[in-house]
$ cat my_file08.tsv   # TSV, C-alpha atoms
chain	number	residue	atom	x	y	z
V	199	MET	CA	-35.68	-29.49	18.57
V	200	PHE	CA	-32.84	-27.33	17.22
V	201	ALA	CA	-31.62	-24.62	19.60
V	202	ALA	CA	-28.76	-22.24	20.42
V	203	TYR	CA	-27.83	-22.70	24.06
V	204	ALA	CA	-25.30	-22.10	26.80
V	205	ALA	CA	-23.52	-25.38	27.46
V	206	ARG	CA	-20.75	-23.94	29.62
V	207	ILE	CA	-19.99	-20.72	31.48
V	208	ASP	CA	-16.79	-18.81	30.67
V	209	ALA	CA	-16.45	-15.23	31.90
V	210	ASP	CA	-13.39	-14.56	29.73
V	211	ASP	CA	-14.41	-16.38	26.53
V	212	PRO	CA	-18.21	-16.43	26.52
V	213	LEU	CA	-18.60	-17.70	22.96
V	214	SER	CA	-16.76	-20.90	23.89
V	215	GLY	CA	-19.83	-21.97	25.85
V	216	LEU	CA	-22.28	-21.43	22.98
V	217	GLU	CA	-23.49	-24.58	21.25
V	218	LEU	CA	-26.07	-25.29	18.55
V	219	GLY	CA	-27.85	-28.63	18.51
V	220	GLU	CA	-30.83	-30.69	19.58
V	221	LEU	CA	-32.54	-30.26	22.95
V	222	PRO	CA	-35.89	-31.56	24.27
V	223	GLU	CA	-39.06	-29.72	23.27
V	224	PRO	CA	-40.79	-27.72	26.03
V	225	GLN	CA	-43.56	-29.52	27.90
V	226	ALA	CA	-47.02	-28.06	28.34
V	227	ARG	CA	-47.92	-27.02	31.90
V	228	PRO	CA	-50.97	-25.34	33.46
V	229	GLY	CA	-51.13	-21.61	32.80
V	230	TRP	CA	-48.38	-21.74	30.18
V	231	SER	CA	-48.38	-21.73	26.38
V	232	VAL	CA	-45.95	-23.26	23.91
V	233	VAL	CA	-45.07	-20.84	21.12
V	234	THR	CA	-43.60	-21.84	17.77
V	235	VAL	CA	-40.86	-19.27	17.25
V	236	LYS	CA	-40.78	-17.41	13.92
V	237	ALA	CA	-38.14	-14.81	14.79
V	238	ALA	CA	-35.98	-13.87	17.77
V	239	SER	CA	-33.40	-11.14	18.37
V	240	LEU	CA	-30.06	-11.03	20.15
V	241	ASN	CA	-29.34	-8.89	23.20
V	242	HIS	CA	-26.24	-8.21	25.28
V	243	HIS	CA	-28.03	-10.16	28.00
V	244	ASP	CA	-27.32	-13.30	25.96
V	245	LEU	CA	-23.59	-12.61	26.12
V	246	TRP	CA	-23.79	-11.89	29.84
V	247	SER	CA	-25.58	-15.22	30.30
V	248	LEU	CA	-22.67	-17.01	28.62
V	249	ARG	CA	-20.41	-15.26	31.14
V	250	GLY	CA	-22.53	-16.61	33.99
V	251	VAL	CA	-24.20	-13.33	34.98
V	252	GLY	CA	-27.66	-14.26	36.21
V	253	LEU	CA	-27.21	-17.83	34.98
V	254	PRO	CA	-25.81	-20.34	37.48
V	255	ALA	CA	-24.01	-23.40	36.17
V	256	GLU	CA	-26.62	-25.75	37.64
V	257	LYS	CA	-29.20	-24.36	35.19
V	258	LEU	CA	-27.21	-25.52	32.16
V	259	PRO	CA	-27.88	-26.30	29.41
V	260	MET	CA	-29.90	-23.10	28.99
V	261	ILE	CA	-31.45	-22.07	25.70
V	262	LEU	CA	-30.54	-18.42	25.14
V	263	GLY	CA	-32.74	-15.62	23.84
V	264	CYS	CA	-35.14	-13.23	25.58
V	265	ASP	CA	-37.10	-11.88	22.62
V	266	ALA	CA	-39.37	-13.66	20.17
V	267	ALA	CA	-42.46	-13.44	18.03
V	268	GLY	CA	-44.28	-16.53	16.87
V	269	VAL	CA	-47.51	-18.51	16.82
V	270	ASP	CA	-49.25	-20.04	19.84
V	271	GLU	CA	-51.10	-23.37	19.98
V	272	ALA	CA	-54.34	-21.74	18.79
V	273	GLY	CA	-52.68	-20.23	15.72
V	274	ASN	CA	-52.52	-16.68	17.09
V	275	GLU	CA	-49.56	-14.51	16.08
V	276	VAL	CA	-48.00	-13.32	19.34
V	277	VAL	CA	-45.14	-11.36	20.86
V	278	ILE	CA	-43.54	-12.61	24.08
V	279	HIS	CA	-43.09	-10.35	27.10
V	280	SER	CA	-39.96	-11.92	28.55
V	281	VAL	CA	-40.26	-10.82	32.19
V	282	ILE	CA	-41.45	-13.91	34.05
V	283	GLY	CA	-43.07	-13.73	37.48
V	284	GLN	CA	-43.79	-10.01	37.32
V	285	THR	CA	-47.34	-10.59	38.56
V	286	GLY	CA	-47.29	-14.22	39.72
V	287	HIS	CA	-49.12	-15.42	36.61
V	288	GLY	CA	-47.92	-18.91	35.74
V	289	VAL	CA	-45.50	-19.10	38.69
V	290	GLY	CA	-45.66	-19.02	42.45
V	291	PRO	CA	-46.93	-15.69	43.85
V	292	ASN	CA	-43.70	-15.11	45.77
V	293	GLU	CA	-41.31	-15.98	42.96
V	294	PRO	CA	-39.06	-12.99	42.19
V	295	ARG	CA	-39.18	-11.67	38.67
V	296	SER	CA	-36.67	-12.93	36.16
V	297	ILE	CA	-36.29	-12.83	32.41
V	298	LEU	CA	-36.10	-15.77	30.08
V	299	THR	CA	-32.73	-17.59	30.19
V	300	GLU	CA	-32.29	-16.99	33.93
V	301	ARG	CA	-34.75	-19.55	35.35
V	302	TYR	CA	-36.59	-20.62	32.21
V	303	GLN	CA	-35.43	-21.73	28.77
V	304	GLY	CA	-35.20	-18.98	26.16
V	305	THR	CA	-36.33	-18.25	22.63
V	306	PHE	CA	-33.44	-19.35	20.40
V	307	ALA	CA	-35.21	-22.61	19.60
V	308	GLN	CA	-38.01	-23.90	17.47
V	309	GLN	CA	-40.38	-23.67	20.44
V	310	VAL	CA	-40.49	-21.85	23.77
V	311	ALA	CA	-42.84	-22.17	26.75
V	312	VAL	CA	-43.95	-19.06	28.65
V	313	PRO	CA	-46.83	-18.13	30.94
V	314	THR	CA	-49.89	-17.47	28.79
V	315	TRP	CA	-50.21	-14.07	30.53
V	316	ASN	CA	-46.90	-13.10	28.89
V	317	LEU	CA	-48.30	-13.25	25.35
V	318	LEU	CA	-49.47	-10.16	23.49
V	319	PRO	CA	-51.11	-10.07	20.05
V	320	LYS	CA	-48.64	-9.24	17.28
V	321	PRO	CA	-49.93	-6.29	15.24
V	322	ALA	CA	-50.55	-7.28	11.63
V	323	GLU	CA	-48.57	-4.20	10.56
V	324	LEU	CA	-45.34	-5.67	11.97
V	325	SER	CA	-43.37	-8.57	10.54
V	326	PHE	CA	-42.26	-11.34	12.88
V	327	GLU	CA	-38.70	-10.03	12.55
V	328	GLU	CA	-39.71	-6.48	13.48
V	329	ALA	CA	-41.87	-7.61	16.40
V	330	ALA	CA	-39.07	-9.81	17.75
V	331	CYS	CA	-36.87	-6.72	18.24
V	332	LEU	CA	-39.23	-5.01	20.65
V	333	PRO	CA	-39.57	-6.88	23.98
V	334	THR	CA	-36.11	-6.15	25.43
V	335	ALA	CA	-34.05	-3.37	23.80
V	336	TRP	CA	-36.96	-1.37	22.42
V	337	LEU	CA	-39.09	-1.86	25.53
V	338	THR	CA	-36.11	-0.76	27.64
V	339	ALA	CA	-35.79	2.41	25.55
V	340	TYR	CA	-39.55	3.05	25.71
V	341	ARG	CA	-39.55	2.88	29.53
V	342	MET	CA	-36.39	4.97	29.81
V	343	LEU	CA	-37.87	7.80	27.76
V	344	PHE	CA	-41.57	7.76	28.54
V	345	THR	CA	-41.68	6.50	32.13
V	346	ASN	CA	-38.40	7.44	33.81
V	347	ALA	CA	-36.75	10.40	32.05
V	348	GLY	CA	-39.36	13.04	32.83
V	349	VAL	CA	-38.85	14.72	29.45
V	350	LYS	CA	-41.35	16.47	27.23
V	351	PRO	CA	-41.45	17.47	23.54
V	352	GLY	CA	-38.75	20.03	22.82
V	353	ASP	CA	-36.36	18.80	25.53
V	354	THR	CA	-32.85	17.68	24.64
V	355	VAL	CA	-31.77	14.11	25.34
V	356	LEU	CA	-28.24	12.71	25.06
V	357	VAL	CA	-27.91	9.06	24.04
V	358	GLN	CA	-24.54	7.58	24.96
V	359	GLY	CA	-23.11	5.10	22.48
V	360	ALA	CA	-24.44	5.12	18.93
V	361	GLY	CA	-25.23	1.82	17.30
V	362	GLY	CA	-26.57	-0.58	19.91
V	363	GLY	CA	-30.13	-1.89	19.99
V	364	VAL	CA	-31.23	0.32	22.89
V	365	ALA	CA	-29.42	3.37	21.49
V	366	THR	CA	-31.02	3.11	18.06
V	367	ALA	CA	-34.42	2.60	19.70
V	368	LEU	CA	-33.88	5.73	21.81
V	369	ILE	CA	-33.09	7.77	18.70
V	370	VAL	CA	-36.16	6.62	16.78
V	371	LEU	CA	-38.56	6.84	19.72
V	372	GLY	CA	-37.13	10.17	20.88
V	373	LYS	CA	-37.66	11.76	17.48
V	374	ALA	CA	-41.18	10.33	17.29
V	375	ALA	CA	-41.90	12.02	20.64
V	376	GLY	CA	-40.65	15.44	19.52
V	377	LEU	CA	-37.38	15.43	21.45
V	378	ARG	CA	-34.07	16.88	20.31
V	379	VAL	CA	-31.74	13.88	20.29
V	380	TRP	CA	-27.96	14.09	20.54
V	381	VAL	CA	-25.79	10.99	20.29
V	382	THR	CA	-22.18	10.12	21.11
V	383	GLY	CA	-20.07	7.35	19.65
V	384	ARG	CA	-16.47	6.33	19.00
V	385	ASP	CA	-17.12	5.21	15.44
V	386	GLU	CA	-17.59	7.91	12.79
V	387	ALA	CA	-19.68	5.68	10.55
V	388	LYS	CA	-22.07	4.87	13.40
V	389	ARG	CA	-22.36	8.56	14.29
V	390	ARG	CA	-23.22	9.33	10.68
V	391	ARG	CA	-25.83	6.57	10.59
V	392	ALA	CA	-27.32	7.87	13.84
V	393	VAL	CA	-27.91	11.24	12.19
V	394	GLU	CA	-29.42	9.53	9.16
V	395	LEU	CA	-31.71	7.69	11.56
V	396	GLY	CA	-32.97	10.96	13.03
V	397	ALA	CA	-30.48	12.19	15.63
V	398	ASP	CA	-30.13	15.97	15.52
V	399	ALA	CA	-26.37	15.80	16.11
V	400	ALA	CA	-23.69	13.22	16.82
V	401	PHE	CA	-20.46	13.81	18.75
V	402	GLU	CA	-17.31	11.87	19.51
V	403	SER	CA	-17.36	10.07	22.84
V	404	GLY	CA	-16.53	12.48	25.65
V	405	ALA	CA	-16.81	15.58	23.47
V	406	ARG	CA	-17.91	18.88	25.00
V	407	LEU	CA	-21.52	19.49	23.99
V	408	PRO	CA	-22.95	22.80	22.69
V	409	ALA	CA	-25.23	22.97	25.72
V	410	ARG	CA	-26.24	20.91	28.71
V	411	VAL	CA	-29.07	18.47	28.20
V	412	ASP	CA	-32.29	17.73	30.05
V	413	ALA	CA	-31.66	13.98	30.29
V	414	VAL	CA	-29.00	11.40	29.47
V	415	MET	CA	-29.79	7.86	28.39
V	416	GLU	CA	-26.93	5.78	29.77
V	417	THR	CA	-26.33	2.17	28.73
V	418	VAL	CA	-22.53	2.21	28.35
V	419	GLY	CA	-21.58	2.56	31.99
V	420	ALA	CA	-18.06	3.20	33.28
V	421	ALA	CA	-16.62	4.57	30.03
V	422	THR	CA	-19.20	7.36	29.68
V	423	TRP	CA	-20.44	7.93	33.23
V	424	SER	CA	-18.41	11.07	33.99
V	425	HIS	CA	-19.36	12.60	30.65
V	426	SER	CA	-23.03	11.82	31.32
V	427	VAL	CA	-22.98	13.59	34.68
V	428	LYS	CA	-21.12	16.62	33.32
V	429	SER	CA	-23.50	16.93	30.35
V	430	LEU	CA	-26.63	17.43	32.46
V	431	ARG	CA	-28.26	20.74	33.26
V	432	PRO	CA	-29.00	21.42	36.94
V	433	GLY	CA	-31.92	19.24	37.97
V	434	GLY	CA	-31.50	16.95	34.97
V	435	THR	CA	-31.87	13.19	34.92
V	436	ILE	CA	-29.63	10.28	34.02
V	437	VAL	CA	-31.57	7.13	33.21
V	438	ILE	CA	-29.31	4.10	33.37
V	439	SER	CA	-30.33	0.71	32.05
V	440	GLY	CA	-27.01	-0.98	31.42
V	441	ALA	CA	-23.26	-0.89	31.78
V	442	THR	CA	-21.75	-2.65	28.78
V	443	SER	CA	-18.31	-1.12	29.45
V	444	GLY	CA	-18.39	-2.10	33.12
V	445	PRO	CA	-20.28	-1.07	36.28
V	446	ASN	CA	-17.50	0.72	38.17
V	447	PRO	CA	-16.59	4.20	36.88
V	448	SER	CA	-13.32	5.70	38.07
V	449	ALA	CA	-15.20	8.64	39.64
V	450	THR	CA	-18.82	8.68	40.81
V	451	GLU	CA	-19.14	12.48	40.60
V	452	LEU	CA	-21.09	12.61	43.87
V	453	ASN	CA	-20.29	16.28	44.53
V	454	ARG	CA	-21.71	17.32	41.17
V	455	ILE	CA	-24.77	15.09	41.61
V	456	PHE	CA	-25.82	16.54	44.95
V	457	PHE	CA	-24.78	20.15	44.29
V	458	LEU	CA	-26.67	20.36	40.97
V	459	GLU	CA	-29.54	18.22	42.32
V	460	LEU	CA	-29.19	15.71	39.51
V	461	LYS	CA	-31.40	12.64	39.43
V	462	VAL	CA	-30.06	9.16	38.74
V	463	VAL	CA	-32.82	6.72	37.84
V	464	GLY	CA	-32.39	2.99	37.27
V	465	SER	CA	-34.51	1.44	34.56
V	466	THR	CA	-34.92	-2.26	33.81
V	467	MET	CA	-36.92	-3.67	30.91
V	468	GLY	CA	-40.59	-2.64	31.09
V	469	THR	CA	-44.07	-3.84	31.94
V	470	LYS	CA	-46.46	-5.83	29.79
V	471	GLU	CA	-48.60	-2.69	29.54
V	472	GLU	CA	-45.63	-0.68	28.29
V	473	LEU	CA	-44.90	-3.35	25.69
V	474	ALA	CA	-48.52	-3.13	24.54
V	475	GLY	CA	-48.08	0.64	24.22
V	476	LEU	CA	-44.90	0.20	22.23
V	477	LEU	CA	-46.54	-2.30	19.88
V	478	SER	CA	-49.45	0.09	19.36
V	479	LEU	CA	-47.11	3.02	18.72
V	480	CYS	CA	-45.25	1.06	16.04
V	481	ALA	CA	-48.45	-0.17	14.43
V	482	THR	CA	-50.13	3.24	14.23
V	483	THR	CA	-47.22	5.60	13.50
V	484	GLY	CA	-45.03	3.61	11.15
V	485	VAL	CA	-42.12	3.59	13.62
V	486	ARG	CA	-40.09	0.44	13.02
V	487	PRO	CA	-37.14	-1.12	14.84
V	488	VAL	CA	-33.74	-0.77	13.23
V	489	ILE	CA	-32.56	-4.18	12.04
V	490	ASP	CA	-28.85	-4.64	11.46
V	491	SER	CA	-29.14	-8.08	9.85
V	492	VAL	CA	-31.23	-11.24	9.74
V	493	LEU	CA	-29.58	-14.64	10.10
V	494	PRO	CA	-30.94	-18.17	10.21
V	495	LEU	CA	-30.78	-19.81	13.64
V	496	SER	CA	-28.12	-22.17	12.27
V	497	GLU	CA	-25.79	-19.15	11.92
V	498	ALA	CA	-26.43	-17.78	15.42
V	499	ARG	CA	-22.73	-18.00	16.29
V	500	GLU	CA	-21.94	-15.34	13.67
V	501	GLY	CA	-24.51	-13.03	15.23
V	502	PHE	CA	-23.10	-13.58	18.72
V	503	ALA	CA	-19.57	-12.88	17.49
V	504	ARG	CA	-20.60	-9.62	15.85
V	505	LEU	CA	-22.51	-8.53	18.94
V	506	ALA	CA	-19.49	-9.29	21.14
V	507	LYS	CA	-17.25	-7.17	18.89
V	508	GLY	CA	-19.75	-4.29	18.83
V	509	ASP	CA	-19.98	-4.64	15.06
V	510	VAL	CA	-23.70	-3.86	14.87
V	511	PHE	CA	-26.06	-0.99	14.20
V	512	GLY	CA	-29.51	-1.92	15.41
V	513	LYS	CA	-30.74	-5.45	16.14
V	514	ILE	CA	-29.48	-8.81	14.92
V	515	VAL	CA	-32.47	-11.05	14.25
V	516	LEU	CA	-32.62	-14.83	13.93
V	517	ASN	CA	-35.23	-16.58	11.80
V	518	ARG	CA	-35.61	-19.79	9.75
V	519	PHE	CA	-35.92	-21.95	12.85
V	520	ASN	CA	-37.01	-25.07	10.96

$ encode --input "my_file08.tsv" --output "structure tokens"
Amino acid sequence: MFAAYAARIDADDPLSGLELGELPEPQARPGWSVVTVKAASLNHHDLWSLRGVGLPAEKLPMILGCDAAGVDEAGNEVVIHSVIGQTGHGVGPNEPRSILTERYQGTFAQQVAVPTWNLLPKPAELSFEEAACLPTAWLTAYRMLFTNAGVKPGDTVLVQGAGGGVATALIVLGKAAGLRVWVTGRDEAKRRRAVELGADAAFESGARLPARVDAVMETVGAATWSHSVKSLRPGGTIVISGATSGPNPSATELNRIFFLELKVVGSTMGTKEELAGLLSLCATTGVRPVIDSVLPLSEAREGFARLAKGDVFGKIVLNRFN
């Protein structure tokens, strides 16, 4: 079957390890289902995999892709929850959780095998392309806001870094929940688009804000960490789910964190139940993921290159897998 996969690991030139070509089809196994992929979306995790983060060389070749929507063997339209081993379903009870492309082949292929427990019904209201955006970036944003941030309607949330998949999801979901959403970004066009998407205001990266916020949604990491800490009101919360600019800020701001009793909460992906809630929210409210572009699987390299450059606003989706 045709697939986009990591053939080599290169921390400095990740795209050099990306290849497109034929690989064996997944084999059926007890407790697992084989899904025919209709659409899949790119995530920064795919680039990190090509750098060898979470993907050891002995696992190569590894089909990339965490997110997908498709059709199972019984003809059901499904969305894949990509956290494997969260409950022991389909794997050994003591296997630590992982996400697709770490231990198991991913979704950038004509077919993918996952534990049957990991399949959720795709709402008829969502296209395959829309549904394929939700299981990683949008689920991450959903958990950040509604499980870990401790915010309520009327609170002010700062989203660091306009344009990425998680950031755009945070804007849309935050507005749907009645939050005041502020956004930062280096690129003026992306800041403008964030406001068009629903953000109440957009500021240059590092800019002094009109007021301190109740919570900061942090996915950028080192480049914005100090600004995130300084932007919080006393007792506020930073929810961090990524560090695309690096994990080691020049200053950790520990004095400010303890003196102002700030909370720093880590947030990774989300549960199957949270994904079901997100799917229901989208189906019933009209909220839809922001799609930057849709490419056929055969042009996956272009999508990877744009993601690596940061030249995106929303999600890049792959379709036309046949």

$ residues_around --input "my_file08.tsv" --residues "V:Val269" --least-positions-apart "5" --cutoff "7 Å" --atoms "only C-alpha atoms" --output "count of residues only"
6

$ closest_residue --input "my_file08.tsv" --among "V:Phe457, V:Trp336, V:Trp380, V:Phe200" --to "V:Ser439" --atoms "all atoms listed in the file"
V:Trp336

$ atom_distance --input "my_file08.tsv" --atom1 "atom CA of V:Val463" --atom2 "atom CA of V:Leu476"
20.8 Å

$ residues_around --input "my_file08.tsv" --residues "V:Pro351" --least-positions-apart "4" --cutoff "9 Å" --atoms "all atoms listed in the file" --output "number ranges by chain"
V: 372, 375-378

$ residues_around --input "my_file08.tsv" --residues "V:Met199" --least-positions-apart "5" --cutoff "10 Å" --atoms "all atoms listed in the file" --output "NGL selection string"
:V and (219-224 or 307-309 or 519-520)

$ residues_around --input "my_file08.tsv" --residues "V:Thr435" --least-positions-apart "4" --cutoff "7 Å" --atoms "only C-alpha atoms" --output "PyMOL selection string"
chain V and resi 347+412-414+460-462

$ atom_distance --input "my_file08.tsv" --atom1 "atom CA of V:Gly363" --atom2 "atom CA of V:Asn446"
22.3 Å

$ residues_near_point --input "my_file08.tsv" --point "(-21.9, -14.2, 28.1)" --cutoff "10 Å" --atoms "all atoms listed in the file" --output "list in words"
Ala204, Arg206, Ile207, Asp208, Ala209, Asp210, Asp211, Pro212, Leu213, Ser214, Gly215, Leu216, His242, His243, Asp244, Leu245, Trp246, Ser247, Leu248, Arg249, Gly250, Val251, Gly252, Leu253, Phe502 and Ala506 of chain V

$ atom_distance --input "my_file08.tsv" --atom1 "atom CA of V:Val381" --atom2 "atom CA of V:Ala400"
4.6 Å

$ closest_residue --input "my_file08.tsv" --among "V:Val232, V:Leu477, V:Leu318, V:Val437" --to "V:Glu416" --atoms "only C-alpha atoms"
V:Val437

$ closest_residue --input "my_file08.tsv" --among "V:Pro321, V:Gly475, V:Gly229, V:Gly362" --to "V:Phe511" --atoms "only C-alpha atoms"
V:Gly362

$ residues_around --input "my_file08.tsv" --residues "V:Asn241" --least-positions-apart "6" --cutoff "10 Å" --atoms "only C-alpha atoms" --output "tab-separated table (two decimals) with C-alpha atoms, in the frame of the given file"
chain	number	residue	atom	x	y	z
V	262	LEU	CA	-30.54	-18.42	25.14
V	263	GLY	CA	-32.74	-15.62	23.84
V	264	CYS	CA	-35.14	-13.23	25.58
V	265	ASP	CA	-37.10	-11.88	22.62
V	331	CYS	CA	-36.87	-6.72	18.24
V	334	THR	CA	-36.11	-6.15	25.43
V	335	ALA	CA	-34.05	-3.37	23.80
V	362	GLY	CA	-26.57	-0.58	19.91
V	363	GLY	CA	-30.13	-1.89	19.99
V	364	VAL	CA	-31.23	0.32	22.89
V	502	PHE	CA	-23.10	-13.58	18.72
V	505	LEU	CA	-22.51	-8.53	18.94
V	513	LYS	CA	-30.74	-5.45	16.14
V	514	ILE	CA	-29.48	-8.81	14.92
V	515	VAL	CA	-32.47	-11.05	14.25

$ closest_residue --input "my_file08.tsv" --among "V:Leu343, V:Ala387, V:Ala420, V:Ala322" --to "V:Val510" --atoms "only C-alpha atoms"
V:Ala387

$ closest_residue --input "my_file08.tsv" --among "V:Gly444, V:Gly359, V:Gly464, V:Pro228" --to "V:Glu402" --atoms "all atoms listed in the file"
V:Gly359

$ closest_residue --input "my_file08.tsv" --among "V:Pro408, V:Ala311, V:Ala365, V:Leu458" --to "V:Ala339" --atoms "all atoms listed in the file"
V:Ala365
